[in-house]
There are 4 protein chains.
Amino acid sequence: VTVGELPTEPALLSSPFRLMVKCADAPGIVAAVTGYLYELGANIVHANQHSTDPRDGSFFLRLEFAHEGPLSREAFADGFQPAVADRFGMRWSLTDGRPKRLAMLVSRFDHCLVDLLWRCQVGSLNAVVPIVVSNHADLEQRAAMFGVPFRHLPVSNANRAEQEDALDALLKSLRVDAIVLARYMQVLSPNFVARWPNLIINIHHSFLPAFSGASPYAAAFRRGVKIVGATAHYVTNDLDEGPIIEQDVVRVSHRDSVADLTRLGRDVERQTLARAIEFHLADRVVVLGNTTLIL
Amino acid sequence: VTVGELPTEPALLSSPFRLMVKCADAPGIVAAVTGYLYELGANIVHANQHSTDPRDGSFFLRLEFAHEGPLSREAFADGFQPAVADRFGMRWSLTDGRPKRLAMLVSRFDHCLVDLLWRCQVGSLNAVVPIVVSNHADLEQRAAMFGVPFRHLPVSNANRAEQEDALDALLKSLRVDAIVLARYMQVLSPNFVARWPNLIINIHHSFLPAFSGASPYAAAFRRGVKIVGATAHYVTNDLDEGPIIEQDVVRVSHRDSVADLTRLGRDVERQTLARAIEFHLADRVVVLGNTTLIL
Amino acid sequence: VTVGELPTEPALLSSPFRLMVKCADAPGIVAAVTGYLYELGANIVHANQHSTDPRDGSFFLRLEFAHEGPLSREAFADGFQPAVADRFGMRWSLTDGRPKRLAMLVSRFDHCLVDLLWRCQVGSLNAVVPIVVSNHADLEQRAAMFGVPFRHLPVSNANRAEQEDALDALLKSLRVDAIVLARYMQVLSPNFVARWPNLIINIHHSFLPAFSGASPYAAAFRRGVKIVGATAHYVTNDLDEGPIIEQDVVRVSHRDSVADLTRLGRDVERQTLARAIEFHLADRVVVLGNTTLIL
Amino acid sequence: VTVGELPTEPALLSSPFRLMVKCADAPGIVAAVTGYLYELGANIVHANQHSTDPRDGSFFLRLEFAHEGPLSREAFADGFQPAVADRFGMRWSLTDGRPKRLAMLVSRFDHCLVDLLWRCQVGSLNAVVPIVVSNHADLEQRAAMFGVPFRHLPVSNANRAEQEDALDALLKSLRVDAIVLARYMQVLSPNFVARWPNLIINIHHSFLPAFSGASPYAAAFRRGVKIVGATAHYVTNDLDEGPIIEQDVVRVSHRDSVADLTRLGRDVERQTLARAIEFHLADRVVVLGNTTLIL
């Protein structure tokens, strides 16, 4: 898959399939779901479940299965909904392994952007990037290096609402599946965030909840921590408080200046963000309250 | 559970149960197993499966389930064998969460022994230790600190066979489930190893397959590696070649002498061995050829 | 050195020596110090310096050197002070490699205590432990296992001041060099802390500054972090805000309950605390504002 | 510094300076060197020494110092050689912080190349890349993305000697300081290697000495290791046996296929190679026998 090339949307899903299920815990769920798939002629390749007794007794299941021919969501629903889903009060979704369309929002730092565009281009991330959007013009050339269109949408307090509307319209016209804030230094409005629930992934350059807010490397230096980190999370209206998808860290010492922390942290940021996106692209992330399950 | 105290062996198994299944891959296995458990009134708490298409098309499943009353293996087999196991040609086993009985074999280094006895005593490892056996007398006091009997079985080339027979008889009389070589510096004979297949866990003080054999820290120092490690594996008749259960590493530098590597490595050895034992105790380790699955 | 055995205090220092120097940065400091040591007939084994231009232009130097005969602090000062220290306005100290005397304060958790007593006993930490003090009686047996005296000093709001006075008197009578809070769950008063400046090492069971205060594992679980950690720091009067000596982390997942985090975190706590103590025992830790240098 | 742009070679060195010293260990070396620098009006910014008593009594010193005006190597040598170097029989070198010129040799994998070119371009590696050379034409576009000339030099057993001569001439005409084998899948001849002693850095995709030779990820998969790694080392005539500069690892599991190991390993390879190059560019690497010191 080439970055920037919009795949045509097949009407039918094809192997491997992913079935995500959520309901109240009860005996017999796995048997019912896997029994249904067996009758359908499917072969389960991978299964991952989680029950949250201590929290609220919810049950989560992610199944990968193979099936000889293609399936339509409608045909699958016609059988699965009455036979299984209704019985347990399930919310469920069926996807396949086609690449997702990711929009990248950036400002001036290019380390995450270059890494992600490269990963998409060589196929280590199963995604296409139809657009890079920025509030600055600096990274247009970076997008061009990978053949990806670039849109400059400068944001001020005066024009924020209309620019966000323009952004939303642009992303929808490009049939974008999710948005990556690859070091985008603007806060998105609650209005915009509400339109993309659990679909905006941000990388914060600290090990949250430590050093939320601005200038985390300077704050880490002042505090004298011996390890710094990065956190990829879904964006909510509480800044740096959304559900955490992935975190990683790197050891530092008193010899490292703020510039050193920034440089060392870049490698952790891009790695952490790439892993979080990989989980998202594989439909492995379930949001539970303000936390995530990686199934 | 107190170390050294032999639990009475209950005739019946009780929740949580663990069902391990192995067979050739085929559609419908998960549905059949979970369907059977549902009819039995069981609730699946955790499920982990693995299929090895690229290797030989084997299917592996580990299920944890809860059931209101106790179960006997015989009663479970009476139903499960004809209804499910025979259909797929399964090999299976049913266990529960009772502590396993581990014998510790040691020589002169005490770091793994002290750590493991402490973990068993405070319950972070779900095991009891009925005996510590050594070819040296040095660590008798260490066993005594935790109230565990100690047996000194010195080994020479002349008496190896009879000492191993004595050891085997001792361990069987104590109903030992598995043997931990917590830095035991003698090679066990093929005869002994054959009696305890995939039941002897050794810790080797290198990141295998690098630096197998004697004096791995000295070899690592000479080679100038920047990281040293430890490997916990099941013992086979190929020295340091058995299936690897767990590995871990620590960063070193040119400032570290062989003594430093030895000291730093101790922490990695005991941690790696403890984790491998934890997997074994939870019936999570499946041996596949010369590798392991941790389900 | 056996734990609990008070070494006799030699009047003279012997190789290897450690010279710690602090002054305003200026050209010629290293030349002056090393030139003086050369004339003394010393051979420098290890040198570590740090300059803090960006902060306040301070200079820090730690030298290890060998010298054929013993040295007295007084004789060394007689020459070094006028010839070198006065010239640069230095604060300095000279120590040797003798074991330090550590008091352990504990409450009910034993994982750090057992690990540290074992390390002192086998010599992987260069320290003796003349006393274990606790506000609970639970761990008396743990101290006894290693032959270390145990003192039960229960603390309430009513008796806190007098118990701290008793503690201080006890530690001074035992010529204690530093105090380790090995999961001691009481807050020490400013009065007590002031008597032991940068001499009290605490282990906090989170990756500070995240999750300071009580129940950090429960807080980490609620926040859904993917990594938990531990922090060893000197105690100041700002709870969990003292200079950080060492930190480490371990990866966790949504499958881990608060009990799991607590269990996994124990291994990180004891490892982190042991490393911090190792740095302190080797006179490698310099406090600079609210941070540390590890020279 | 832009990738591919050859800096003009200044006749004079300027701050910060790096002085590397090697000699037999003896008292007074540090005093003599730092005393000389003090008289020169230099201020030592960083010092790192290492003595190898246990091995052969060698002494190694790396000093960073600032000096108000520029210095020529010749003028420095005129004073330093007779006053200090001759006295201790030193081998020494003086460099400054100018970017080094790195040639990249690649075959078909682009992950290290893209990462390194990006790092050079944004200045996180202090180097310029005047040329990318490959035995395949595949990566010409990757070099072009960063504005770096590309030379296709196909190699067969018949033309190996003449192609290596052409390569050597090309690199010398470009005043290349060091060569990076960024996944170059050809073995260089002893003749070529001898011309670039400790100046060719290779990345091997395993944790050496484990899995040297071809297809290390496949070998790691067959052995069932739980961690895979990468090793950056100087190239010698013993394949995969040269002095190790840096290593790193990543955890894997039985779920990871050879393709997964390859994908996960890519991130470790590029990170490990970048760090090794960073050490080399800062003149921090000293080769001692078949090992390295990182000063």
# chains A, B, ... in the order shown; residues from 1 in each chain; ligands from 1

$ residues_around --residues "Phe88 (chain C)" --least-positions-apart "4" --cutoff "9 Å" --atoms "only C-alpha atoms" --output "PyMOL selection string"
chain C and resi 23-26+29+84

$ closest_atom_pairs --of "chain D" --to "chain B" --cutoff "6 Å" --atoms "only C-alpha atoms" --output "tab-separated table"
residue	atom	partner	partner_atom	distance
D:Pro209	CA	B:Ala210	CA	5.6
D:Ala210	CA	B:Ala210	CA	4.6
D:Gly224	CA	B:Thr291	CA	4.7
D:Lys226	CA	B:Gln247	CA	5.9
D:Gln247	CA	B:Lys226	CA	5.9
D:His254	CA	B:Leu293	CA	5.4
D:Thr291	CA	B:Gly224	CA	4.7
D:Leu293	CA	B:His254	CA	5.4

$ select_by_dssp --residues "region 18-238 of chain A" --states "helix (DSSP H, G or I)" --output "ChimeraX atom specification"
/A:29-39,73-88,111-122,140-145,160-173,190-195,216-223

$ select_by_dssp --residues "region 109-230 of chain A" --states "strand (DSSP E or B)" --output "PDB file with N, CA and C atoms, in the first residue's frame"
ATOM      1  N   ALA A 127      -1.656   1.093   7.378  1.00  0.00           N
ATOM      2  CA  ALA A 127      -2.463   2.304   7.220  1.00  0.00           C
ATOM      3  C   ALA A 127      -2.035   3.066   5.983  1.00  0.00           C
ATOM      4  N   VAL A 128      -2.938   3.896   5.485  1.00  0.00           N
ATOM      5  CA  VAL A 128      -2.590   4.891   4.481  1.00  0.00           C
ATOM      6  C   VAL A 128      -2.823   6.268   5.094  1.00  0.00           C
ATOM      7  N   VAL A 129      -2.071   7.238   4.617  1.00  0.00           N
ATOM      8  CA  VAL A 129      -2.166   8.594   5.149  1.00  0.00           C
ATOM      9  C   VAL A 129      -2.594   9.499   4.013  1.00  0.00           C
ATOM     10  N   PRO A 130      -3.879   9.856   3.942  1.00  0.00           N
ATOM     11  CA  PRO A 130      -4.342  10.678   2.827  1.00  0.00           C
ATOM     12  C   PRO A 130      -3.967  12.149   2.976  1.00  0.00           C
ATOM     13  N   ILE A 131      -3.597  12.577   4.199  1.00  0.00           N
ATOM     14  CA  ILE A 131      -3.361  14.012   4.389  1.00  0.00           C
ATOM     15  C   ILE A 131      -2.511  14.245   5.645  1.00  0.00           C
ATOM     16  N   VAL A 132      -1.625  15.230   5.539  1.00  0.00           N
ATOM     17  CA  VAL A 132      -0.958  15.779   6.717  1.00  0.00           C
ATOM     18  C   VAL A 132      -1.451  17.209   6.864  1.00  0.00           C
ATOM     19  N   VAL A 133      -1.933  17.534   8.059  1.00  0.00           N
ATOM     20  CA  VAL A 133      -2.446  18.878   8.324  1.00  0.00           C
ATOM     21  C   VAL A 133      -1.579  19.521   9.397  1.00  0.00           C
ATOM     22  N   SER A 134      -1.294  20.813   9.227  1.00  0.00           N
ATOM     23  CA  SER A 134      -0.482  21.475  10.229  1.00  0.00           C
ATOM     24  C   SER A 134      -0.913  22.916  10.422  1.00  0.00           C
ATOM     25  N   PHE A 150      -0.365  17.868   1.763  1.00  0.00           N
ATOM     26  CA  PHE A 150      -0.174  18.646   2.991  1.00  0.00           C
ATOM     27  C   PHE A 150      -1.152  19.807   2.965  1.00  0.00           C
ATOM     28  N   ARG A 151      -1.798  20.063   4.082  1.00  0.00           N
ATOM     29  CA  ARG A 151      -2.708  21.200   4.172  1.00  0.00           C
ATOM     30  C   ARG A 151      -2.296  22.083   5.344  1.00  0.00           C
ATOM     31  N   HIS A 152      -2.064  23.354   5.052  1.00  0.00           N
ATOM     32  CA  HIS A 152      -1.700  24.309   6.094  1.00  0.00           C
ATOM     33  C   HIS A 152      -2.953  24.987   6.617  1.00  0.00           C
ATOM     34  N   ALA A 178      -9.133   7.610  11.530  1.00  0.00           N
ATOM     35  CA  ALA A 178      -8.629   8.060  12.827  1.00  0.00           C
ATOM     36  C   ALA A 178      -7.632   9.178  12.605  1.00  0.00           C
ATOM     37  N   ILE A 179      -7.397   9.930  13.674  1.00  0.00           N
ATOM     38  CA  ILE A 179      -6.524  11.107  13.603  1.00  0.00           C
ATOM     39  C   ILE A 179      -5.355  10.906  14.557  1.00  0.00           C
ATOM     40  N   VAL A 180      -4.154  11.155  14.057  1.00  0.00           N
ATOM     41  CA  VAL A 180      -2.968  11.057  14.907  1.00  0.00           C
ATOM     42  C   VAL A 180      -2.401  12.446  15.137  1.00  0.00           C
ATOM     43  N   LEU A 181      -2.281  12.823  16.398  1.00  0.00           N
ATOM     44  CA  LEU A 181      -1.618  14.079  16.735  1.00  0.00           C
ATOM     45  C   LEU A 181      -0.138  13.765  16.954  1.00  0.00           C
ATOM     46  N   ILE A 200      -8.950   9.898  18.163  1.00  0.00           N
ATOM     47  CA  ILE A 200      -7.823  10.821  18.065  1.00  0.00           C
ATOM     48  C   ILE A 200      -6.736  10.327  19.027  1.00  0.00           C
ATOM     49  N   ILE A 201      -5.567  10.011  18.474  1.00  0.00           N
ATOM     50  CA  ILE A 201      -4.462   9.490  19.280  1.00  0.00           C
ATOM     51  C   ILE A 201      -3.400  10.571  19.409  1.00  0.00           C
ATOM     52  N   ASN A 202      -3.051  10.897  20.637  1.00  0.00           N
ATOM     53  CA  ASN A 202      -2.036  11.916  20.893  1.00  0.00           C
ATOM     54  C   ASN A 202      -0.797  11.278  21.516  1.00  0.00           C
ATOM     55  N   ILE A 203       0.371  11.870  21.243  1.00  0.00           N
ATOM     56  CA  ILE A 203       1.581  11.474  21.946  1.00  0.00           C
ATOM     57  C   ILE A 203       1.968  12.625  22.869  1.00  0.00           C
ATOM     58  N   HIS A 204       2.056  12.309  24.163  1.00  0.00           N
ATOM     59  CA  HIS A 204       2.518  13.318  25.117  1.00  0.00           C
ATOM     60  C   HIS A 204       3.930  12.966  25.537  1.00  0.00           C
ATOM     61  N   ILE A 227      14.548   8.752  34.910  1.00  0.00           N
ATOM     62  CA  ILE A 227      13.924   8.091  33.761  1.00  0.00           C
ATOM     63  C   ILE A 227      12.912   9.084  33.184  1.00  0.00           C
ATOM     64  N   VAL A 228      12.878   9.227  31.867  1.00  0.00           N
ATOM     65  CA  VAL A 228      11.803  10.006  31.248  1.00  0.00           C
ATOM     66  C   VAL A 228      11.021   9.093  30.313  1.00  0.00           C
ATOM     67  N   GLY A 229       9.817   9.528  29.936  1.00  0.00           N
ATOM     68  CA  GLY A 229       8.984   8.641  29.144  1.00  0.00           C
ATOM     69  C   GLY A 229       8.072   9.379  28.199  1.00  0.00           C
ATOM     70  N   ALA A 230       7.241   8.600  27.541  1.00  0.00           N
ATOM     71  CA  ALA A 230       6.254   9.145  26.619  1.00  0.00           C
ATOM     72  C   ALA A 230       4.969   8.336  26.756  1.00  0.00           C
TER      73      ALA A 230
END

$ residues_around --residues "Val106 (chain D)" --least-positions-apart "2" --cutoff "8 Å" --atoms "only C-alpha atoms" --output "ChimeraX atom specification"
/D:104,108-110,113,132-135,139,181-185

$ write_last_selection --atoms "C-alpha atoms" --output "PDB file, in the first residue's frame"
ATOM      1  CA  MET D 104      26.556   4.668   4.167  1.00  0.00           C
ATOM      2  CA  ARG D 108      17.906  -3.574   0.170  1.00  0.00           C
ATOM      3  CA  PHE D 109      16.614  -2.842   3.698  1.00  0.00           C
ATOM      4  CA  ASP D 110      15.992   0.830   4.285  1.00  0.00           C
ATOM      5  CA  LEU D 113      19.357   4.234   6.229  1.00  0.00           C
ATOM      6  CA  VAL D 132      25.190   6.293  -0.116  1.00  0.00           C
ATOM      7  CA  VAL D 133      26.684   3.246  -1.831  1.00  0.00           C
ATOM      8  CA  SER D 134      24.807   0.043  -2.558  1.00  0.00           C
ATOM      9  CA  ASN D 135      25.255  -3.247  -4.343  1.00  0.00           C
ATOM     10  CA  LEU D 139      17.468   2.515  -2.323  1.00  0.00           C
ATOM     11  CA  LEU D 181      27.214  -0.679   7.057  1.00  0.00           C
ATOM     12  CA  ALA D 182      23.520   0.068   7.427  1.00  0.00           C
ATOM     13  CA  ARG D 183      22.402  -3.497   6.631  1.00  0.00           C
ATOM     14  CA  TYR D 184      24.969  -4.031   3.864  1.00  0.00           C
ATOM     15  CA  MET D 185      24.730  -7.712   2.996  1.00  0.00           C
TER      16      MET D 185
END

$ residues_around --residues "Ala274 (chain D)" --least-positions-apart "4" --cutoff "10 Å" --atoms "only C-alpha atoms" --output "PDB file with C-alpha atoms, in the first residue's frame"
ATOM      1  CA  CYS D 112      18.606   2.005   9.217  1.00  0.00           C
ATOM      2  CA  ASP D 115      16.669   6.719  10.239  1.00  0.00           C
ATOM      3  CA  LEU D 116      20.323   7.721   9.988  1.00  0.00           C
ATOM      4  CA  ARG D 119      19.156  12.011  12.209  1.00  0.00           C
ATOM      5  CA  SER D 124      20.669  14.617  16.203  1.00  0.00           C
ATOM      6  CA  LEU D 125      23.747  12.894  14.727  1.00  0.00           C
ATOM      7  CA  ALA D 182      23.520   0.068   7.427  1.00  0.00           C
ATOM      8  CA  ILE D 203      24.859  -3.499  12.597  1.00  0.00           C
ATOM      9  CA  ALA D 232      26.719  -2.600  16.472  1.00  0.00           C
ATOM     10  CA  GLU D 246      26.519  -1.071  21.503  1.00  0.00           C
ATOM     11  CA  VAL D 268      16.171  -2.192  17.772  1.00  0.00           C
ATOM     12  CA  GLU D 269      18.667  -2.311  14.925  1.00  0.00           C
ATOM     13  CA  ARG D 270      18.228   1.297  13.935  1.00  0.00           C
ATOM     14  CA  GLU D 278      26.776   8.768  18.165  1.00  0.00           C
ATOM     15  CA  PHE D 279      29.548   7.367  20.397  1.00  0.00           C
ATOM     16  CA  HIS D 280      31.922   7.132  17.436  1.00  0.00           C
TER      17      HIS D 280
END

$ atom_distance --atom1 "CA of Val285 (chain C)" --atom2 "CA of Asn48 (chain C)"
11.6 Å
